[in-house]
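For reference, final-v2.cif is printed below; it contains mmCIF, C-alpha atoms and all ligand atoms.
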```
data_coords
loop_
_atom_site.label_atom_id
_atom_site.label_comp_id
_atom_site.auth_asym_id
_atom_site.auth_seq_id
_atom_site.Cartn_x
_atom_site.Cartn_y
_atom_site.Cartn_z
CA MET U 1 -20.82 10.53 -4.32
CA ILE U 2 -17.62 8.57 -3.66
CA THR U 3 -14.48 10.62 -4.35
CA VAL U 4 -11.11 9.09 -5.23
CA LEU U 5 -8.11 11.35 -4.71
CA GLY U 6 -5.18 10.32 -6.85
CA ALA U 7 -5.46 9.20 -10.46
CA GLY U 8 -2.61 6.72 -10.23
CA ALA U 9 -2.96 3.03 -11.00
CA PHE U 10 -4.73 2.12 -7.77
CA GLY U 11 -7.04 5.13 -7.54
CA THR U 12 -8.16 4.67 -11.14
CA ALA U 13 -8.73 0.92 -10.68
CA LEU U 14 -10.82 1.49 -7.55
CA ALA U 15 -12.84 4.19 -9.32
CA ILE U 16 -13.58 1.76 -12.17
CA SER U 17 -14.74 -0.97 -9.79
CA LEU U 18 -16.85 1.41 -7.70
CA ALA U 19 -18.43 2.92 -10.82
CA HIS U 20 -20.37 -0.36 -11.19
CA LYS U 21 -22.44 0.78 -8.20
CA GLY U 22 -22.85 4.50 -8.88
CA PRO U 23 -21.17 7.74 -9.90
CA VAL U 24 -17.57 8.32 -8.82
CA ARG U 25 -15.46 11.47 -8.85
CA LEU U 26 -11.79 10.88 -9.71
CA TRP U 27 -9.46 13.73 -8.77
CA ALA U 28 -6.07 14.18 -10.45
CA ARG U 29 -3.69 16.82 -9.08
CA ASN U 30 -2.35 17.53 -12.56
CA ALA U 31 -4.87 19.49 -14.67
CA GLY U 32 -3.26 18.34 -17.93
CA HIS U 33 -3.61 14.71 -16.89
CA ALA U 34 -7.26 15.29 -15.95
CA THR U 35 -7.98 16.86 -19.36
CA GLU U 36 -6.22 14.00 -21.14
CA MET U 37 -8.34 11.43 -19.27
CA GLN U 38 -11.55 13.39 -19.93
CA LYS U 39 -10.78 13.38 -23.66
CA THR U 40 -9.57 9.80 -24.08
CA ARG U 41 -11.70 8.21 -21.29
CA ARG U 42 -8.56 6.29 -20.39
CA ASN U 43 -5.64 6.68 -17.98
CA GLU U 44 -2.89 5.66 -20.36
CA ARG U 45 -0.17 7.04 -18.07
CA ARG U 46 -0.92 4.73 -15.16
CA LEU U 47 -3.41 2.06 -16.23
CA PRO U 48 -3.02 1.61 -19.98
CA GLY U 49 -5.61 -0.06 -22.14
CA VAL U 50 -8.55 0.21 -19.73
CA ASP U 51 -11.67 2.25 -20.56
CA LEU U 52 -13.13 4.50 -17.87
CA PRO U 53 -16.89 4.05 -17.36
CA GLU U 54 -19.05 7.06 -18.26
CA ASN U 55 -20.14 7.66 -14.67
CA ILE U 56 -16.60 8.51 -13.55
CA THR U 57 -16.25 12.30 -13.45
CA ILE U 58 -12.64 13.38 -13.80
CA THR U 59 -11.57 16.65 -12.25
CA ALA U 60 -8.53 18.59 -11.09
CA ASP U 61 -10.61 20.80 -8.77
CA LEU U 62 -11.38 19.43 -5.35
CA GLU U 63 -14.74 20.52 -3.96
CA PRO U 64 -15.52 19.75 -0.29
CA VAL U 65 -16.07 16.02 0.10
CA SER U 66 -19.17 14.40 1.60
CA ASP U 67 -19.22 13.28 5.24
CA GLN U 68 -21.68 10.51 4.28
CA HIS U 69 -19.75 8.88 1.45
CA PRO U 70 -16.16 7.57 1.43
CA THR U 71 -13.26 9.57 0.08
CA LEU U 72 -10.39 7.34 -0.98
CA LEU U 73 -6.86 8.70 -0.65
CA ALA U 74 -4.90 6.79 -3.31
CA VAL U 75 -1.61 8.69 -3.24
CA PRO U 76 1.88 7.46 -2.35
CA MET U 77 2.53 7.06 1.37
CA GLN U 78 5.23 9.70 1.63
CA ARG U 79 2.88 12.26 -0.03
CA LEU U 80 -0.19 11.62 2.11
CA ARG U 81 0.50 14.31 4.72
CA SER U 82 1.04 17.03 2.13
CA VAL U 83 -2.22 16.12 0.37
CA LEU U 84 -4.07 16.47 3.68
CA THR U 85 -2.46 19.80 4.51
CA ASP U 86 -2.92 21.16 0.97
CA TYR U 87 -6.65 20.28 0.95
CA THR U 88 -7.61 20.60 4.60
CA ASP U 89 -10.77 22.63 3.93
CA ALA U 90 -12.12 20.18 1.37
CA LEU U 91 -11.30 17.07 3.38
CA SER U 92 -11.96 17.94 7.03
CA GLY U 93 -14.98 16.03 8.32
CA GLY U 94 -14.79 13.41 5.56
CA MET U 95 -14.77 9.62 5.85
CA LEU U 96 -11.19 9.33 4.66
CA VAL U 97 -10.01 5.91 3.53
CA ALA U 98 -6.27 5.70 3.03
CA CYS U 99 -5.36 3.40 0.16
CA CYS U 100 -1.60 3.70 0.59
CA LYS U 101 0.77 1.17 2.12
CA GLY U 102 3.73 2.21 4.20
CA MET U 103 5.19 4.10 7.11
CA GLU U 104 6.06 7.79 6.95
CA LEU U 105 9.83 8.15 6.89
CA SER U 106 10.04 11.36 8.92
CA THR U 107 7.75 10.20 11.77
CA GLY U 108 7.25 6.42 11.59
CA MET U 109 3.48 7.04 11.47
CA GLY U 110 0.98 5.01 9.47
CA PRO U 111 -1.71 6.50 7.17
CA THR U 112 -4.60 6.65 9.65
CA GLN U 113 -2.40 8.17 12.35
CA ILE U 114 -1.41 10.90 9.90
CA ILE U 115 -5.06 11.56 8.98
CA GLY U 116 -5.96 11.73 12.69
CA ALA U 117 -3.14 14.17 13.38
CA GLU U 118 -3.82 16.49 10.43
CA LEU U 119 -7.63 16.34 10.30
CA PRO U 120 -9.03 15.55 13.75
CA GLY U 121 -12.62 16.02 12.51
CA ALA U 122 -12.30 13.28 9.88
CA THR U 123 -13.08 9.56 10.26
CA PRO U 124 -9.88 7.69 9.28
CA ALA U 125 -9.84 4.21 7.78
CA ILE U 126 -7.57 2.12 5.59
CA LEU U 127 -8.24 -0.16 2.63
CA THR U 128 -5.48 -2.70 2.12
CA GLY U 129 -4.79 -6.30 1.11
CA PRO U 130 -3.66 -8.34 -1.89
CA SER U 131 -4.71 -6.57 -5.07
CA PHE U 132 -3.02 -5.41 -8.21
CA ALA U 133 -4.62 -2.37 -9.79
CA ALA U 134 -4.62 -4.05 -13.21
CA ASP U 135 -6.57 -7.03 -11.81
CA ILE U 136 -9.20 -4.82 -10.14
CA ALA U 137 -9.56 -2.72 -13.29
CA ARG U 138 -10.18 -5.86 -15.36
CA GLY U 139 -12.93 -6.90 -12.94
CA LEU U 140 -11.04 -9.94 -11.65
CA PRO U 141 -12.11 -11.22 -8.21
CA THR U 142 -10.25 -9.55 -5.35
CA ALA U 143 -10.63 -9.48 -1.54
CA LEU U 144 -9.48 -6.56 0.61
CA THR U 145 -9.51 -5.52 4.26
CA LEU U 146 -11.18 -2.31 5.40
CA ALA U 147 -9.87 -1.29 8.82
CA CYS U 148 -11.60 1.40 10.85
CA ALA U 149 -11.38 1.90 14.62
CA ASP U 150 -14.99 3.16 14.65
CA GLU U 151 -17.04 -0.01 14.16
CA THR U 152 -20.20 1.73 12.91
CA ALA U 153 -18.28 3.80 10.39
CA GLY U 154 -16.39 0.64 9.36
CA GLU U 155 -19.65 -1.18 8.62
CA SER U 156 -20.90 1.69 6.50
CA LEU U 157 -17.59 1.88 4.58
CA GLN U 158 -17.62 -1.87 4.03
CA GLN U 159 -21.07 -1.65 2.43
CA ALA U 160 -20.11 1.36 0.34
CA LEU U 161 -16.87 -0.11 -1.00
CA ASN U 162 -17.94 -3.70 -1.66
CA THR U 163 -18.56 -4.33 -5.36
CA PRO U 164 -19.43 -7.46 -7.36
CA ASN U 165 -15.72 -8.22 -7.89
CA LEU U 166 -14.23 -6.56 -4.82
CA ARG U 167 -15.11 -8.38 -1.62
CA ILE U 168 -14.46 -6.26 1.46
CA TYR U 169 -13.72 -7.77 4.87
CA ARG U 170 -13.84 -5.53 7.94
CA THR U 171 -11.72 -5.13 11.07
CA THR U 172 -11.20 -2.59 13.84
CA ASP U 173 -7.50 -3.53 14.07
CA VAL U 174 -6.15 -0.58 12.13
CA THR U 175 -2.59 -1.03 13.44
CA GLY U 176 -2.43 -4.65 12.26
CA ALA U 177 -3.90 -3.90 8.83
CA GLU U 178 -1.56 -0.94 8.25
CA LEU U 179 1.58 -2.71 9.39
CA GLY U 180 0.84 -5.80 7.31
CA GLY U 181 0.61 -3.68 4.16
CA ALA U 182 3.67 -1.61 5.04
CA LEU U 183 6.00 -4.45 6.02
CA LYS U 184 5.13 -6.86 3.22
CA ASN U 185 6.52 -4.40 0.69
CA VAL U 186 9.90 -4.48 2.43
CA MET U 187 9.90 -8.29 2.27
CA ALA U 188 8.87 -8.18 -1.40
CA ILE U 189 11.98 -6.14 -2.23
CA GLY U 190 14.06 -8.76 -0.41
CA CYS U 191 12.38 -11.63 -2.25
CA GLY U 192 12.93 -9.92 -5.58
CA ALA U 193 16.60 -9.52 -4.73
CA VAL U 194 16.89 -13.19 -3.79
CA ILE U 195 15.37 -14.33 -7.08
CA GLY U 196 17.24 -11.69 -9.09
CA ALA U 197 20.54 -12.88 -7.64
CA GLY U 198 19.67 -16.48 -8.51
CA LEU U 199 19.50 -17.72 -4.91
CA GLY U 200 16.45 -19.86 -5.62
CA ASP U 201 12.86 -20.50 -4.56
CA SER U 202 13.86 -22.22 -1.30
CA ALA U 203 15.70 -19.11 -0.14
CA ARG U 204 12.67 -17.01 -1.06
CA ALA U 205 10.37 -19.28 0.97
CA ALA U 206 12.72 -18.94 3.95
CA LEU U 207 12.76 -15.16 3.60
CA MET U 208 8.97 -14.96 3.31
CA THR U 209 8.45 -17.15 6.37
CA ARG U 210 11.04 -15.51 8.61
CA GLY U 211 9.99 -12.14 7.19
CA PHE U 212 6.43 -12.89 8.24
CA ALA U 213 7.70 -13.70 11.76
CA GLU U 214 9.41 -10.32 11.78
CA MET U 215 6.24 -8.57 10.57
CA ALA U 216 4.25 -10.21 13.36
CA ARG U 217 6.93 -9.32 15.93
CA MET U 218 6.75 -5.63 15.14
CA ALA U 219 2.98 -5.51 14.68
CA THR U 220 2.18 -7.25 17.97
CA ALA U 221 4.70 -5.03 19.80
CA LEU U 222 2.71 -2.07 18.49
CA GLY U 223 -0.61 -3.53 19.66
CA ALA U 224 -1.88 -5.36 16.54
CA ARG U 225 -3.87 -8.57 16.82
CA PRO U 226 -1.95 -11.63 15.53
CA GLU U 227 -4.94 -12.83 13.49
CA THR U 228 -4.90 -9.61 11.47
CA LEU U 229 -1.34 -10.38 10.38
CA SER U 230 -2.49 -13.85 9.27
CA GLY U 231 -5.24 -12.30 7.15
CA LEU U 232 -5.50 -10.57 3.80
CA SER U 233 -3.61 -7.43 4.82
CA GLY U 234 -0.60 -9.37 6.16
CA PHE U 235 -0.04 -12.94 5.00
CA GLY U 236 -2.29 -12.53 1.94
CA ASP U 237 -0.49 -9.49 0.60
CA LEU U 238 2.93 -10.91 1.53
CA VAL U 239 2.26 -13.97 -0.64
CA LEU U 240 1.03 -11.90 -3.59
CA THR U 241 3.77 -9.31 -3.55
CA CYS U 242 6.70 -11.67 -2.90
CA THR U 243 5.79 -14.01 -5.74
CA SER U 244 4.52 -11.89 -8.63
CA ASP U 245 6.49 -9.75 -11.00
CA GLN U 246 3.38 -7.58 -11.37
CA SER U 247 4.62 -6.07 -8.08
CA ARG U 248 6.78 -2.97 -8.39
CA ASN U 249 8.44 -3.68 -5.03
CA TYR U 250 9.34 -7.18 -6.18
CA ARG U 251 10.60 -5.90 -9.54
CA PHE U 252 12.72 -3.27 -7.79
CA GLY U 253 14.21 -6.10 -5.71
CA LEU U 254 14.85 -8.12 -8.87
CA SER U 255 16.84 -5.19 -10.26
CA LEU U 256 18.91 -4.98 -7.06
CA GLY U 257 19.67 -8.71 -7.26
CA ARG U 258 20.68 -8.41 -10.90
CA ASN U 259 22.66 -5.17 -10.41
CA GLU U 260 20.43 -3.43 -12.93
CA THR U 261 19.09 0.12 -12.81
CA PHE U 262 15.42 0.76 -12.00
CA ASP U 263 13.16 3.59 -13.22
CA SER U 264 13.08 6.04 -10.30
CA SER U 265 9.68 7.43 -11.33
CA VAL U 266 7.98 4.13 -10.42
CA THR U 267 6.25 4.08 -7.02
CA VAL U 268 8.14 1.61 -4.78
CA GLU U 269 6.64 2.08 -1.32
CA GLY U 270 8.88 -0.46 0.40
CA ALA U 271 12.06 1.57 -0.18
CA ALA U 272 11.30 4.49 2.16
CA THR U 273 9.23 2.28 4.45
CA ALA U 274 12.20 -0.08 5.00
CA ARG U 275 14.16 2.82 6.50
CA ALA U 276 11.19 3.99 8.54
CA VAL U 277 10.70 0.45 9.89
CA CYS U 278 14.35 0.13 10.91
CA ASN U 279 14.29 3.54 12.64
CA ARG U 280 11.16 2.64 14.55
CA ALA U 281 12.37 -0.87 15.43
CA ALA U 282 15.66 0.53 16.75
CA LYS U 283 13.81 3.01 18.98
CA MET U 284 11.55 0.26 20.31
CA GLU U 285 14.41 -2.29 20.58
CA ILE U 286 12.63 -4.80 18.32
CA ASP U 287 15.03 -7.16 16.56
CA MET U 288 14.37 -7.01 12.79
CA PRO U 289 17.46 -8.39 11.06
CA ILE U 290 15.76 -9.09 7.72
CA SER U 291 14.40 -5.56 7.45
CA ARG U 292 17.85 -4.23 8.37
CA ALA U 293 19.52 -6.34 5.70
CA ILE U 294 17.00 -5.24 3.04
CA THR U 295 17.43 -1.59 4.02
CA ALA U 296 21.22 -1.94 3.68
CA LEU U 297 20.72 -3.58 0.28
CA ILE U 298 18.50 -0.72 -0.92
CA SER U 299 20.97 1.94 0.23
CA GLY U 300 23.85 0.09 -1.44
CA GLU U 301 25.66 -0.57 1.85
CA LEU U 302 25.44 -4.33 1.22
CA GLN U 303 25.28 -6.57 -1.83
CA VAL U 304 22.89 -9.54 -1.88
CA ASP U 305 25.59 -12.10 -1.00
CA GLN U 306 26.79 -9.97 1.93
CA ALA U 307 23.22 -9.51 3.21
CA MET U 308 22.69 -13.28 2.98
CA ASP U 309 25.95 -14.01 4.83
CA MET U 310 24.88 -11.60 7.54
CA LEU U 311 21.52 -13.35 7.97
CA LEU U 312 22.84 -16.90 7.74
CA SER U 313 25.67 -16.36 10.24
CA ARG U 314 23.41 -15.18 13.03
CA PRO U 315 23.40 -17.37 16.18
CA LEU U 316 21.17 -20.45 15.84
CA LYS U 317 17.84 -20.16 17.65
CA GLU U 318 14.49 -21.78 18.34
CA GLU U 319 11.86 -21.28 15.61
CA ARG U 320 9.34 -18.71 16.86
CA CYS U 321 8.35 -15.11 16.24
N1 LIG U 401 -0.91 -0.18 -8.00
C1 LIG U 401 -1.36 -1.18 -7.26
O1 LIG U 401 -1.53 -2.31 -7.75
C2 LIG U 401 -1.68 -0.95 -5.81
C3 LIG U 401 -1.27 0.19 -5.14
N2 LIG U 401 -1.55 0.34 -3.82
C4 LIG U 401 -1.08 1.50 -3.09
O2 LIG U 401 -1.66 2.67 -3.62
C5 LIG U 401 -0.81 3.78 -3.38
C6 LIG U 401 -0.70 4.58 -4.66
O3 LIG U 401 -0.08 3.71 -5.60
P1 LIG U 401 -0.39 3.73 -7.15
O4 LIG U 401 -1.67 4.35 -7.46
O5 LIG U 401 -0.13 2.39 -7.66
O6 LIG U 401 0.81 4.69 -7.61
P2 LIG U 401 1.00 5.44 -8.99
O7 LIG U 401 2.45 5.73 -9.06
O8 LIG U 401 0.36 4.72 -10.10
O9 LIG U 401 0.19 6.79 -8.78
C7 LIG U 401 0.41 7.68 -7.75
C8 LIG U 401 -0.50 8.86 -7.98
O10 LIG U 401 -0.33 9.78 -6.90
C9 LIG U 401 -0.23 11.07 -7.45
N3 LIG U 401 0.57 11.90 -6.55
C10 LIG U 401 1.88 11.82 -6.31
N4 LIG U 401 2.25 12.78 -5.46
C11 LIG U 401 1.14 13.49 -5.17
C12 LIG U 401 0.86 14.61 -4.37
N5 LIG U 401 1.82 15.22 -3.68
N6 LIG U 401 -0.39 15.06 -4.33
C13 LIG U 401 -1.35 14.45 -5.00
N7 LIG U 401 -1.16 13.38 -5.77
C14 LIG U 401 0.07 12.91 -5.86
C15 LIG U 401 0.47 10.89 -8.78
O11 LIG U 401 0.19 11.97 -9.63
C16 LIG U 401 -0.15 9.60 -9.27
O12 LIG U 401 -1.33 9.87 -9.97
C17 LIG U 401 0.53 3.20 -2.89
O13 LIG U 401 0.67 3.39 -1.51
C18 LIG U 401 0.43 1.73 -3.21
O14 LIG U 401 1.12 0.91 -2.29
C19 LIG U 401 -2.25 -0.60 -3.14
C20 LIG U 401 -2.68 -1.73 -3.76
C21 LIG U 401 -2.45 -1.99 -5.13
O1 LIG U 402 0.24 -3.61 -2.91
C1 LIG U 402 0.21 -4.20 -3.96
C2 LIG U 402 -0.45 -5.50 -4.12
O2 LIG U 402 -1.31 -5.78 -3.06
C3 LIG U 402 0.89 -3.62 -5.13
O3 LIG U 402 2.21 -3.94 -5.02
P1 LIG U 402 3.35 -3.01 -5.64
O4 LIG U 402 3.19 -1.65 -5.02
O5 LIG U 402 4.62 -3.70 -5.24
O6 LIG U 402 3.15 -3.00 -7.11
#
```
Would you mind writing the structure in this file as structure tokens?
Amino acid sequence: MITVLGAGAFGTALAISLAHKGPVRLWARNAGHATEMQKTRRNERRLPGVDLPENITITADLEPVSDQHPTLLAVPMQRLRSVLTDYTDALSGGMLVACCKGMELSTGMGPTQIIGAELPGATPAILTGPSFAADIARGLPTALTLACADETAGESLQQALNTPNLRIYRTTDVTGAELGGALKNVMAIGCGAVIGAGLGDSARAALMTRGFAEMARMATALGARPETLSGLSGFGDLVLTCTSDQSRNYRFGLSLGRNETFDSSVTVEGAATARAVCNRAAKMEIDMPISRAITALISGELQVDQAMDMLLSRPLKEERC
């Protein structure tokens, strides 16, 4: 049986989609939340208004997962390592598919690297790409990338995770897929700030395009294939997240641009990842001025107009990555 760890918006939406093919086990760390979902057959806290199919079993107890069926890890990026260390016995040996987007702040590592380091007996993979949980839960058509370094395991995961509404593409370029998903969230915060501050759609298009160049610069320096960045996990997710106010990263950016407060309980992956990206870029001497400006905006060191001045006053250059 497929297991989904994390009864947040994304984990619940994936469980709903996968339940069209067979039984799914949805694990919530909070026993009270699990009981509430069992009773109401809904996840009103994270995905309101959507019924959970009968063949989703909700539990707060994690039994050892199968090594034949995928286990999806749908928890926030900065919590992934602690989930793996807390549940090592249940997870070791599993086909573990990270569903989080980001870079660990303390180490600069991506999700599959963390899985490999904590559970060397597991098969790590990542599921990423343009998809809002609410869209998946409603059964709207969505395409995602499944990245797994082990090609045979990747093919089996692709088959297992493809559903009538969720089309899964496959790659072995784990680095490219992970970095696309991590970096696009940083750019989405920047785009939200641009729109929130009233700087206009043209400025957003410039930020998305030069932000994409920056994403590709870092990803290729770390060994990613350029075509992965142009695919669903990079360009595709950048477009979605930088242009839709369904995105929490974009909405957080909007609040920065408008000088409004933002609910700190909302998962905004790009905030910690922006800092992680800047730390890693500095160590590797990769020039990432847009990520630096967005990080300074998030920390309050710069206001939107100051960040813009900083970017616009840089020396003129040829247009390339
Ligand atoms: N919501 C969406 O539309 C999409 C989300 N994602 C990614 O999925 C990941 C999870 O996001 P969401 O589900 O949206 O967030 P969410 O905020 O809705 O839910 C996060 C879940 O993780 C659980 N959690 C938090 N800390 C935990 C810990 N230490 N141990 C176990 N569980 C813990 C929370 O209880 C909550 O159920 C993020 O990396 C996000 O980028 C990816 C694509 C779409
Ligand atoms: O990753 C996502 C869409 O692909 C979800 O974006 P947010 O985390 O910004 O809501």
- Contacts of ligand LIG 402 (chain U), 7 Å or closer, only C-alpha atoms and all ligand atoms, given as a PyMOL selection string: chain U and resi 101+129-132+185+237+240-241+246-250+267-269
Serialized selection, C-alpha atoms, as a PDB file, keeping the file's coordinate frame:
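Once written, out.pdb looks like this:
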```pdb
ATOM      1  CA  LYS U 101       0.770   1.170   2.120  1.00  0.00           C
ATOM      2  CA  GLY U 129      -4.790  -6.300   1.110  1.00  0.00           C
ATOM      3  CA  PRO U 130      -3.660  -8.340  -1.890  1.00  0.00           C
ATOM      4  CA  SER U 131      -4.710  -6.570  -5.070  1.00  0.00           C
ATOM      5  CA  PHE U 132      -3.020  -5.410  -8.210  1.00  0.00           C
ATOM      6  CA  ASN U 185       6.520  -4.400   0.690  1.00  0.00           C
ATOM      7  CA  ASP U 237      -0.490  -9.490   0.600  1.00  0.00           C
ATOM      8  CA  LEU U 240       1.030 -11.900  -3.590  1.00  0.00           C
ATOM      9  CA  THR U 241       3.770  -9.310  -3.550  1.00  0.00           C
ATOM     10  CA  GLN U 246       3.380  -7.580 -11.370  1.00  0.00           C
ATOM     11  CA  SER U 247       4.620  -6.070  -8.080  1.00  0.00           C
ATOM     12  CA  ARG U 248       6.780  -2.970  -8.390  1.00  0.00           C
ATOM     13  CA  ASN U 249       8.440  -3.680  -5.030  1.00  0.00           C
ATOM     14  CA  TYR U 250       9.340  -7.180  -6.180  1.00  0.00           C
ATOM     15  CA  THR U 267       6.250   4.080  -7.020  1.00  0.00           C
ATOM     16  CA  VAL U 268       8.140   1.610  -4.780  1.00  0.00           C
ATOM     17  CA  GLU U 269       6.640   2.080  -1.320  1.00  0.00           C
TER      18      GLU U 269
END
```
- Item | Top pick for closest residue to ligand LIG 401 (chain U), considering U:Ala271, U:Ala149, U:Cys99, U:Leu166 and counting only C-alpha atoms and all ligand atoms | U:Cys99
- Message: List as a ChimeraX atom specification the protein and nucleic acid residues lying within 9 Å of ligand LIG 401 (chain U), with all atoms listed in the file counted.
- Response: /U:5-13,27-30,33,45-47,73-84,86,98-102,127-136,181-182,185,246-248,265-270
- Got a sec: who's within 12 Å of U:Leu312, counting all atoms listed in the file, leaving out chain neighbours fewer than 2 positions off, as number ranges by chain? U: 203, 206-207, 210, 289-290, 293, 305-310, 314-317
- Message: If we count only C-alpha atoms and set the cut-off at 12 Å, which residues sit around U:Arg25, ignoring sequence neighbours fewer than 3 positions away in its own chain? Please answer as number ranges by chain.
- Response: U: 1-7, 11-12, 14-16, 18-19, 22, 28, 34, 38, 52-66, 69-72
- Message: Using only C-alpha atoms for the distances, tell me which of U:Thr228, U:Glu260, U:Lys21, U:Ile195 is nearest to U:Ser244.
- Response: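 Of the candidates, the smallest distance to U:Ser244 is held by U:Ile195.
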- d(atom CA of U:Tyr169, atom CA of U:Ala143) in Å: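 Computing the Euclidean distance for atom CA of U:Tyr169 and atom CA of U:Ala143 yields 7.3 Å.
For the atom pair formed by atom CA of U:Leu26 and atom CA of U:Asp89, the distance is 18.0 Å, given to one decimal.
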- Taking all atoms listed in the file into account, which of U:Leu302, U:Ile294, U:Met103, U:Leu254 comes nearest U:Ala193?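 So, comparing all the options, the nearest one is U:Leu254.
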Please write out, as JSON, where the centre of an axis-aligned box around all listed atoms of stretch 184-194 of chain U lies and how long its edges are, in Å to one decimal, after adding 4 Å on each side.
```
{"center_x": 11.0, "center_y": -8.8, "center_z": -1.2, "size_x": 19.8, "size_y": 16.8, "size_z": 16.8}
```
- Query: Do you know which residues are at most 8 Å from U:Thr175 counting only C-alpha atoms, after dropping those on the same chain fewer than 3 positions away, and could you put them as JSON, numbers by chain?
  - Reply: {"U": [178, 179, 219, 222, 223, 224]}
Write out as a PDB file with C-alpha atoms, keeping the file's coordinate frame which residues come within 9 Å of U:Arg275 when counting only C-alpha atoms, dropping same-chain ones fewer than 2 positions away.
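Once everything was written out, this is around35.pdb:
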```
ATOM      1  CA  LEU U 105       9.830   8.150   6.890  1.00  0.00           C
ATOM      2  CA  GLY U 270       8.880  -0.460   0.400  1.00  0.00           C
ATOM      3  CA  ALA U 271      12.060   1.570  -0.180  1.00  0.00           C
ATOM      4  CA  ALA U 272      11.300   4.490   2.160  1.00  0.00           C
ATOM      5  CA  THR U 273       9.230   2.280   4.450  1.00  0.00           C
ATOM      6  CA  VAL U 277      10.700   0.450   9.890  1.00  0.00           C
ATOM      7  CA  CYS U 278      14.350   0.130  10.910  1.00  0.00           C
ATOM      8  CA  ASN U 279      14.290   3.540  12.640  1.00  0.00           C
ATOM      9  CA  ARG U 280      11.160   2.640  14.550  1.00  0.00           C
ATOM     10  CA  SER U 291      14.400  -5.560   7.450  1.00  0.00           C
ATOM     11  CA  ARG U 292      17.850  -4.230   8.370  1.00  0.00           C
ATOM     12  CA  THR U 295      17.430  -1.590   4.020  1.00  0.00           C
ATOM     13  CA  ALA U 296      21.220  -1.940   3.680  1.00  0.00           C
TER      14      ALA U 296
END
```
- Query: Mind pulling up the distance from atom CA of U:Thr123 to atom CA of U:Asp150?
  - Reply: 8.0 Å
- Message: Counting all atoms listed in the file, which residue out of U:Cys242, U:Val186, U:Leu232, U:Met215 sits closest to U:Leu146?
- Response: U:Leu232
- Give the answer as one residue: which of U:Asn165, U:Pro124, U:Cys321, U:Ala274 has the shortest atom-to-atom distance to U:Met218, using only C-alpha atoms? U:Cys321
- Considering only C-alpha atoms, state which residue in the set U:Ser202, U:Ser233, U:Ser92, U:Ser106 is at the smallest distance from U:Leu144. U:Ser233
